[in-house]
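Reproduced below: target-v5.csv, with CSV, C-alpha atoms.
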```csv
chain,number,residue,atom,x,y,z
A,299,MET,CA,9.8,24.6,38.1
A,300,THR,CA,12.4,22.0,37.3
A,301,SER,CA,11.9,19.3,39.9
A,302,ASP,CA,9.1,16.8,40.4
A,303,HIS,CA,7.9,16.9,36.8
A,304,SER,CA,9.7,13.8,35.7
A,305,HIS,CA,6.4,12.2,35.1
A,306,LEU,CA,5.5,14.6,32.3
A,307,PRO,CA,5.0,12.5,29.2
A,308,SER,CA,6.8,13.2,26.0
A,309,GLU,CA,5.3,15.7,23.5
A,310,THR,CA,4.4,12.7,21.3
A,311,ALA,CA,2.6,11.0,24.1
A,312,LEU,CA,0.7,14.2,24.9
A,313,ARG,CA,-0.4,14.5,21.2
A,314,ALA,CA,-1.7,10.9,21.4
A,315,LYS,CA,-3.5,11.7,24.6
A,316,ALA,CA,-5.0,14.8,23.1
A,317,LEU,CA,-6.3,13.0,20.1
A,318,GLU,CA,-7.8,10.2,22.2
A,319,SER,CA,-9.7,12.6,24.5
A,320,LEU,CA,-11.0,14.7,21.5
A,321,LEU,CA,-12.2,11.6,19.6
A,322,VAL,CA,-13.9,10.2,22.7
A,323,GLU,CA,-15.5,13.5,23.5
A,324,LYS,CA,-16.8,13.9,20.0
A,325,GLY,CA,-18.3,10.5,20.1
A,326,LEU,CA,-16.2,9.1,17.3
A,327,VAL,CA,-14.7,6.3,19.4
A,328,LYS,CA,-15.8,4.6,22.7
A,329,PRO,CA,-13.3,4.2,25.5
A,330,GLU,CA,-14.3,0.6,26.1
A,331,ALA,CA,-13.7,-0.2,22.4
A,332,LEU,CA,-10.2,1.2,22.7
A,333,ASP,CA,-9.4,-1.0,25.7
A,334,ALA,CA,-10.8,-4.1,24.0
A,335,ILE,CA,-8.7,-3.5,20.9
A,336,VAL,CA,-5.4,-3.2,22.8
A,337,GLU,CA,-6.3,-6.2,24.9
A,338,THR,CA,-7.1,-8.3,21.8
A,339,TYR,CA,-3.9,-7.5,20.0
A,340,GLN,CA,-1.7,-7.9,23.1
A,341,ASP,CA,-3.1,-11.2,24.4
A,342,LYS,CA,-5.4,-13.0,21.9
A,343,VAL,CA,-4.4,-12.4,18.3
A,344,GLY,CA,-1.1,-13.5,17.0
A,345,PRO,CA,0.8,-15.8,14.6
A,346,GLN,CA,-0.6,-18.8,16.5
A,347,ASN,CA,-3.9,-18.2,14.6
A,348,GLY,CA,-2.2,-18.3,11.2
A,349,ALA,CA,-0.1,-21.3,12.3
A,350,HIS,CA,-3.3,-23.2,13.1
A,351,LEU,CA,-4.7,-22.6,9.6
A,352,VAL,CA,-1.4,-23.7,8.0
A,353,ALA,CA,-1.1,-26.8,10.1
A,354,LEU,CA,-4.8,-27.7,9.2
A,355,ALA,CA,-4.0,-27.1,5.5
A,356,TRP,CA,-1.0,-29.4,5.7
A,357,THR,CA,-3.0,-32.3,7.2
A,358,ASP,CA,-6.5,-31.9,5.6
A,359,PRO,CA,-6.7,-31.6,1.8
A,360,GLU,CA,-10.3,-30.4,1.9
A,361,PHE,CA,-9.4,-27.7,4.4
A,362,ARG,CA,-6.4,-26.7,2.2
A,363,ARG,CA,-8.6,-26.4,-0.8
A,364,ARG,CA,-11.1,-24.2,1.0
A,365,LEU,CA,-8.3,-22.0,2.5
A,366,LEU,CA,-6.7,-21.4,-0.9
A,367,ALA,CA,-10.1,-20.7,-2.5
A,368,ASP,CA,-11.4,-18.3,0.2
A,369,ALA,CA,-9.2,-17.6,3.1
A,370,SER,CA,-11.4,-14.9,4.7
A,371,ASP,CA,-14.4,-17.3,5.1
A,372,THR,CA,-12.2,-20.2,6.1
A,373,ALA,CA,-10.4,-18.1,8.7
A,374,ALA,CA,-13.7,-16.8,10.0
A,375,GLU,CA,-15.1,-20.3,10.4
A,376,MET,CA,-12.2,-21.0,12.7
A,377,GLY,CA,-13.1,-17.8,14.7
A,378,TYR,CA,-10.4,-15.6,13.2
A,379,PHE,CA,-12.5,-12.6,12.0
A,380,GLY,CA,-11.0,-9.8,9.9
A,381,ARG,CA,-11.9,-6.1,10.2
A,382,GLN,CA,-14.7,-5.0,7.9
A,383,GLY,CA,-13.8,-4.7,4.3
A,384,GLU,CA,-10.6,-6.7,4.5
A,385,HIS,CA,-10.1,-9.8,2.4
A,386,LEU,CA,-7.5,-12.4,3.2
A,387,LYS,CA,-5.9,-14.5,0.5
A,388,ALA,CA,-3.8,-17.6,1.3
A,389,ILE,CA,-0.9,-18.2,-1.2
A,390,GLU,CA,0.9,-21.5,-1.2
A,391,ASN,CA,4.6,-22.1,-1.5
A,392,THR,CA,5.6,-25.0,-3.8
A,393,PRO,CA,8.9,-26.5,-5.0
A,394,GLU,CA,8.5,-24.1,-8.0
A,395,VAL,CA,7.1,-20.9,-6.5
A,396,HIS,CA,8.1,-19.0,-3.3
A,397,ASN,CA,5.8,-16.2,-2.1
A,398,LEU,CA,6.8,-13.1,-0.2
A,399,VAL,CA,4.5,-10.5,1.3
A,400,VAL,CA,5.1,-6.7,1.6
A,401,CYS,CA,3.0,-3.5,1.8
A,402,THR,CA,4.9,-0.9,-0.3
A,403,LEU,CA,2.5,1.9,0.6
A,404,CYS,CA,2.2,1.7,4.4
A,405,SER,CA,2.1,-1.6,6.3
A,406,CYS,CA,-1.1,-3.4,5.6
A,407,TYR,CA,-0.8,-6.8,7.2
A,408,PRO,CA,-3.1,-9.8,7.9
A,409,TRP,CA,-3.6,-8.8,11.6
A,410,THR,CA,-6.4,-11.4,12.2
A,411,VAL,CA,-4.1,-14.3,11.5
A,412,LEU,CA,-0.6,-12.9,12.3
A,413,GLY,CA,-1.2,-10.2,15.0
A,414,LEU,CA,0.9,-7.0,14.7
A,415,PRO,CA,3.6,-6.7,12.1
A,416,PRO,CA,7.3,-6.9,13.1
A,417,VAL,CA,9.3,-3.7,13.1
A,418,TRP,CA,11.2,-4.5,9.9
A,419,TYR,CA,7.9,-5.0,8.0
A,420,LYS,CA,7.2,-1.3,8.7
A,421,SER,CA,10.6,-0.1,7.5
A,422,ALA,CA,11.5,1.6,4.3
A,423,PRO,CA,14.3,-0.9,3.4
A,424,TYR,CA,11.9,-3.8,3.6
A,425,ARG,CA,9.2,-2.0,1.7
A,426,SER,CA,11.5,-1.2,-1.2
A,427,ARG,CA,13.9,-4.1,-1.3
A,428,ALA,CA,11.2,-6.8,-1.0
A,429,VAL,CA,10.1,-5.6,-4.5
A,430,SER,CA,13.4,-4.6,-6.1
A,431,GLU,CA,15.6,-7.5,-4.8
A,432,PRO,CA,13.5,-10.1,-3.0
A,433,ARG,CA,16.2,-12.8,-3.2
A,434,SER,CA,18.6,-10.5,-1.3
A,435,VAL,CA,16.0,-9.9,1.4
A,436,LEU,CA,15.5,-13.7,1.7
A,437,ASP,CA,19.2,-14.1,1.9
A,438,GLU,CA,19.3,-11.7,4.9
A,439,PHE,CA,16.9,-14.0,6.7
A,440,GLY,CA,19.1,-17.0,5.9
A,441,THR,CA,16.7,-18.3,3.3
A,442,GLU,CA,18.4,-19.6,0.1
A,443,LEU,CA,16.2,-20.8,-2.7
A,444,PRO,CA,17.4,-22.9,-5.7
A,445,GLU,CA,17.9,-20.8,-8.9
A,446,ASN,CA,14.9,-22.4,-10.6
A,447,VAL,CA,12.4,-21.3,-7.9
A,448,THR,CA,10.3,-18.3,-8.9
A,449,VAL,CA,9.9,-15.7,-6.2
A,450,ARG,CA,6.5,-14.0,-6.3
A,451,VAL,CA,6.0,-10.8,-4.4
A,452,TRP,CA,2.6,-9.8,-3.2
A,453,ASP,CA,1.8,-6.2,-2.4
A,454,SER,CA,-0.8,-5.9,0.3
A,455,THR,CA,-3.5,-3.2,0.3
A,456,SER,CA,-6.2,-2.0,2.6
A,457,GLU,CA,-8.6,-4.4,0.9
A,458,MET,CA,-6.4,-7.4,0.3
A,459,ARG,CA,-4.0,-9.1,2.8
A,460,TYR,CA,-1.9,-12.2,2.2
A,461,LEU,CA,-1.0,-15.2,4.2
A,462,VAL,CA,1.8,-17.4,2.9
A,463,VAL,CA,1.3,-21.2,3.4
A,464,PRO,CA,4.8,-22.4,3.7
A,465,MET,CA,5.8,-25.9,2.5
A,466,ARG,CA,5.4,-28.7,5.0
A,467,PRO,CA,8.9,-29.7,6.2
A,468,ALA,CA,10.1,-33.2,5.3
A,469,GLY,CA,10.3,-35.6,8.2
A,470,THR,CA,7.0,-34.6,9.7
A,471,GLU,CA,4.9,-37.5,8.4
A,472,GLY,CA,2.3,-38.6,11.0
A,473,TRP,CA,2.6,-35.4,13.0
A,474,SER,CA,-0.6,-34.0,14.6
A,475,VAL,CA,-1.9,-30.5,13.9
A,476,GLU,CA,-0.8,-29.5,17.4
A,477,GLN,CA,2.7,-30.6,16.7
A,478,LEU,CA,2.8,-29.1,13.2
A,479,ARG,CA,1.6,-25.7,14.2
A,480,LYS,CA,4.8,-25.2,16.3
A,481,LEU,CA,6.8,-25.3,13.1
A,482,VAL,CA,4.9,-22.5,11.5
A,483,THR,CA,6.5,-19.2,12.4
A,484,ARG,CA,5.3,-15.7,11.8
A,485,ASN,CA,8.2,-15.2,9.4
A,486,SER,CA,7.3,-18.3,7.4
A,487,MET,CA,3.8,-16.9,6.9
A,488,ILE,CA,5.2,-13.5,5.6
A,489,GLY,CA,7.4,-15.6,3.4
A,490,VAL,CA,10.9,-14.5,4.5
A,491,GLU,CA,11.7,-17.9,5.9
A,492,PRO,CA,10.6,-21.5,5.5
A,493,ALA,CA,8.8,-23.4,8.3
A,494,LEU,CA,11.1,-24.7,11.0
A,495,PRO,CA,12.8,-28.0,10.4
A,496,PRO,CA,11.3,-30.8,12.6
A,497,GLU,CA,14.4,-31.1,14.7
A,498,GLN,CA,13.9,-27.6,16.1
A,499,VAL,CA,10.8,-28.6,17.9
A,500,ALA,CA,10.3,-31.5,20.3
A,501,PRO,CA,7.7,-33.7,18.6
B,835,MET,CA,15.9,-24.7,0.9
B,836,ALA,CA,18.7,-23.8,3.3
B,837,HIS,CA,17.9,-22.1,6.6
B,838,SER,CA,20.5,-20.8,9.0
B,839,PRO,CA,18.9,-19.2,12.0
B,840,ASN,CA,22.1,-17.6,13.2
B,841,SER,CA,23.0,-15.6,10.1
B,842,ASP,CA,23.4,-11.9,10.7
B,843,SER,CA,20.7,-9.7,9.2
B,844,GLY,CA,19.8,-6.1,9.2
B,845,PHE,CA,16.2,-7.0,9.2
B,846,ARG,CA,16.6,-9.5,12.0
B,847,GLU,CA,18.2,-6.9,14.2
B,848,MET,CA,15.1,-4.7,13.7
B,849,GLU,CA,13.0,-7.1,15.9
B,850,GLY,CA,11.4,-5.6,18.9
B,851,PRO,CA,8.1,-5.4,20.9
B,852,ALA,CA,5.0,-4.6,18.9
B,853,PHE,CA,4.5,-1.4,21.0
B,854,ARG,CA,7.5,0.4,22.5
B,855,ALA,CA,5.4,2.9,24.5
B,856,PRO,CA,1.8,3.1,25.7
B,857,TRP,CA,1.1,6.0,23.3
B,858,GLU,CA,1.9,3.7,20.3
B,859,SER,CA,-0.8,1.2,21.4
B,860,GLN,CA,-3.2,4.2,22.0
B,861,VAL,CA,-2.7,5.4,18.4
B,862,PHE,CA,-3.2,1.9,17.0
B,863,ALA,CA,-6.4,1.4,19.0
B,864,LEU,CA,-7.8,4.8,17.8
B,865,ILE,CA,-7.2,3.8,14.2
B,866,CYS,CA,-8.8,0.4,14.6
B,867,ALA,CA,-11.8,1.9,16.5
B,868,LEU,CA,-12.4,4.6,13.9
B,869,GLN,CA,-12.3,2.0,11.2
B,870,ASP,CA,-14.6,-0.4,13.1
B,871,ALA,CA,-17.1,2.5,13.7
B,872,GLY,CA,-17.1,3.2,9.9
B,873,LYS,CA,-15.6,6.7,10.4
B,874,LEU,CA,-12.3,6.0,8.7
B,875,PRO,CA,-12.5,4.0,5.5
B,876,PRO,CA,-9.5,1.6,5.3
B,877,ALA,CA,-8.5,2.8,1.8
B,878,GLU,CA,-8.6,6.4,3.0
B,879,TRP,CA,-6.4,5.6,6.0
B,880,SER,CA,-4.0,3.6,3.9
B,881,ALA,CA,-3.6,6.6,1.5
B,882,THR,CA,-3.3,9.1,4.3
B,883,LEU,CA,-0.6,7.0,6.1
B,884,GLY,CA,1.1,6.3,2.8
B,885,GLN,CA,1.4,10.0,2.1
B,886,GLU,CA,2.9,10.6,5.6
B,887,ILE,CA,5.5,7.9,5.0
B,888,ARG,CA,6.3,9.4,1.6
B,889,LEU,CA,6.8,12.8,3.2
B,890,ALA,CA,9.1,11.3,5.8
B,891,LYS,CA,11.1,9.7,3.0
B,892,GLU,CA,11.4,13.0,1.2
B,893,ARG,CA,12.8,14.8,4.2
B,894,GLY,CA,15.4,12.0,4.5
B,895,ASP,CA,14.0,10.1,7.5
B,896,PRO,CA,15.7,6.7,7.6
B,897,ASP,CA,12.2,5.1,8.4
B,898,LEU,CA,13.5,2.0,10.0
B,899,GLY,CA,10.1,0.8,11.4
B,900,ASP,CA,10.7,2.5,14.8
B,901,THR,CA,9.0,5.7,13.7
B,902,TYR,CA,5.9,4.0,12.2
B,903,TYR,CA,3.5,5.0,15.0
B,904,LEU,CA,4.8,8.5,14.9
B,905,TYR,CA,3.7,8.6,11.2
B,906,CYS,CA,0.4,7.1,12.2
B,907,LEU,CA,-0.1,9.8,14.8
B,908,THR,CA,0.7,12.6,12.4
B,909,ALA,CA,-1.5,11.1,9.7
B,910,LEU,CA,-4.4,10.8,12.2
B,911,GLU,CA,-4.1,14.4,13.2
B,912,LYS,CA,-4.1,15.4,9.5
B,913,TRP,CA,-7.1,13.2,8.8
B,914,LEU,CA,-9.0,14.8,11.8
B,915,LEU,CA,-8.3,18.3,10.4
B,916,ARG,CA,-9.2,17.4,6.8
B,917,SER,CA,-12.4,15.7,7.9
B,918,LYS,CA,-13.2,18.8,9.9
B,919,PHE,CA,-13.7,16.8,13.1
B,920,ALA,CA,-11.3,19.2,14.8
B,921,CYS,CA,-9.4,22.3,14.0
B,922,ARG,CA,-5.7,23.0,14.6
B,923,ASP,CA,-6.3,25.3,17.6
B,924,GLU,CA,-8.5,22.8,19.3
B,925,ILE,CA,-5.8,20.1,19.0
B,926,SER,CA,-3.1,22.4,20.2
B,927,ALA,CA,-5.2,23.6,23.1
B,928,ARG,CA,-5.9,20.0,24.1
B,929,ILE,CA,-2.2,19.1,24.1
B,930,ALA,CA,-1.5,22.2,26.3
B,931,ASP,CA,-4.3,21.1,28.7
B,932,TRP,CA,-2.9,17.7,29.1
B,933,ARG,CA,0.6,19.1,29.7
B,934,THR,CA,-0.8,21.4,32.5
B,935,ALA,CA,-2.8,18.5,34.0
B,936,TYR,CA,0.4,16.4,34.2
B,937,GLN,CA,2.4,19.3,35.7
B,938,THR,CA,-0.1,20.2,38.3
B,939,THR,CA,-1.3,16.8,39.4
B,940,PRO,CA,0.6,15.6,42.5
B,941,HIS,CA,2.4,12.3,42.2
B,942,GLY,CA,0.3,9.3,42.8
B,943,GLN,CA,-3.0,10.9,41.8
B,944,PRO,CA,-4.8,10.2,38.5
B,945,VAL,CA,-4.1,12.8,35.9
B,946,GLU,CA,-7.4,14.3,34.6
B,947,LEU,CA,-8.4,17.2,32.5
B,948,ARG,CA,-10.0,20.0,34.5
```
Just dump the structure as structure tokens.
Amino acid sequence: MTSDHSHLPSETALRAKALESLLVEKGLVKPEALDAIVETYQDKVGPQNGAHLVALAWTDPEFRRRLLADASDTAAEMGYFGRQGEHLKAIENTPEVHNLVVCTLCSCYPWTVLGLPPVWYKSAPYRSRAVSEPRSVLDEFGTELPENVTVRVWDSTSEMRYLVVPMRPAGTEGWSVEQLRKLVTRNSMIGVEPALPPEQVAP
Amino acid sequence: MAHSPNSDSGFREMEGPAFRAPWESQVFALICALQDAGKLPPAEWSATLGQEIRLAKERGDPDLGDTYYLYCLTALEKWLLRSKFACRDEISARIADWRTAYQTTPHGQPVELR
């Protein structure tokens, strides 16, 4: 037979299907849980969550203090819950220190606050170069830092995930949380770029 | 701090959708569900996946992020075997069953295992 089988999925898709049906059959996962997870990560969870936390930290010193002291609890208070056993740490950029996040082992990522990682975050070049030559990685993203700024690289693990709090851009005095969160991009919370300049967003 | 959004970058060219095919989201959901159910401890998963990525590197795979869920799928199969939740023959047979189901189900009808 050669015709009419164009809907036969790839070998890889068949392997995924086989695993799924075996795991469901053995009672290790529930089909409704699988649907809920895909729906959550496609529609509900994304960098807008992290941007909300950052904008609040920029405008409320007490919130900033709590976020930097215990990001897991502070994120959970806002309804952004992590998976079991995962801790979230917020690390703040300053005029002296710039933070960059990587996972050198696999691709641990703060899903709760940033959604799913970008393709490059899961690539070998990023995994290795973020550690060996972070400034050159930043350069590729168009981010140039003064010589005197220290670049600190944070290696994520299954237990500890990091959220970078970028510096609040100049010229945003008096902006509301709603306006500010539009400046906070996914990349700025991984640490490869600064937050957007105010002129990029209609106030 | 300078910022030029139009600069060329190898990393920037690697942008793309979170999932490029339905099977990728299926694999992702399985991993999350197994972790949520307490069957797959996060540290064990991280080590299993890390090992798979290291093997890919050793065989000269460029590993540019587009093969990530393939590593996840292979790591998940290995974990299943190692944890004795399934044996190799069982997985192979199930793959064959799905292939047959797709080949023998007329267009427009739901594909189900018989």
Between atom CA of Thr448 of chain A and atom CA of Pro408 of chain A, what is the distance in Å, rounded to a tenth? 23.1 Å
Write out as JSON, numbers by chain every residue belonging to chain B that has an atom at most 7 Å from any atom of chain A, counting all atoms listed in the file. {"B": [835, 836, 837, 838, 839, 841, 843, 845, 846, 848, 849, 850, 852, 857, 859, 860, 861, 863, 864, 867, 868, 870, 876, 877, 880, 883, 884, 897, 898, 899, 900, 902, 907, 925, 928, 929, 932, 933, 936, 937]}
List the spatial neighbours of Leu481 of chain A as a VMD selection string - criterion: any atom at most 12 Å away, all atoms listed in the file, same-chain residues fewer than 6 positions off excluded. chain A and resid 345 to 346 348 to 350 352 to 353 356 463 to 470 473 to 475 487 491 to 501
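Atom CA of Val395 of chain A is found 23.1 Å from atom CA of Thr372 of chain A.
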Interatomic distance between atom CA of Tyr460 of chain A and atom CA of Glu390 of chain A?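 Separation between atom CA of Tyr460 of chain A and atom CA of Glu390 of chain A: 10.3 Å.
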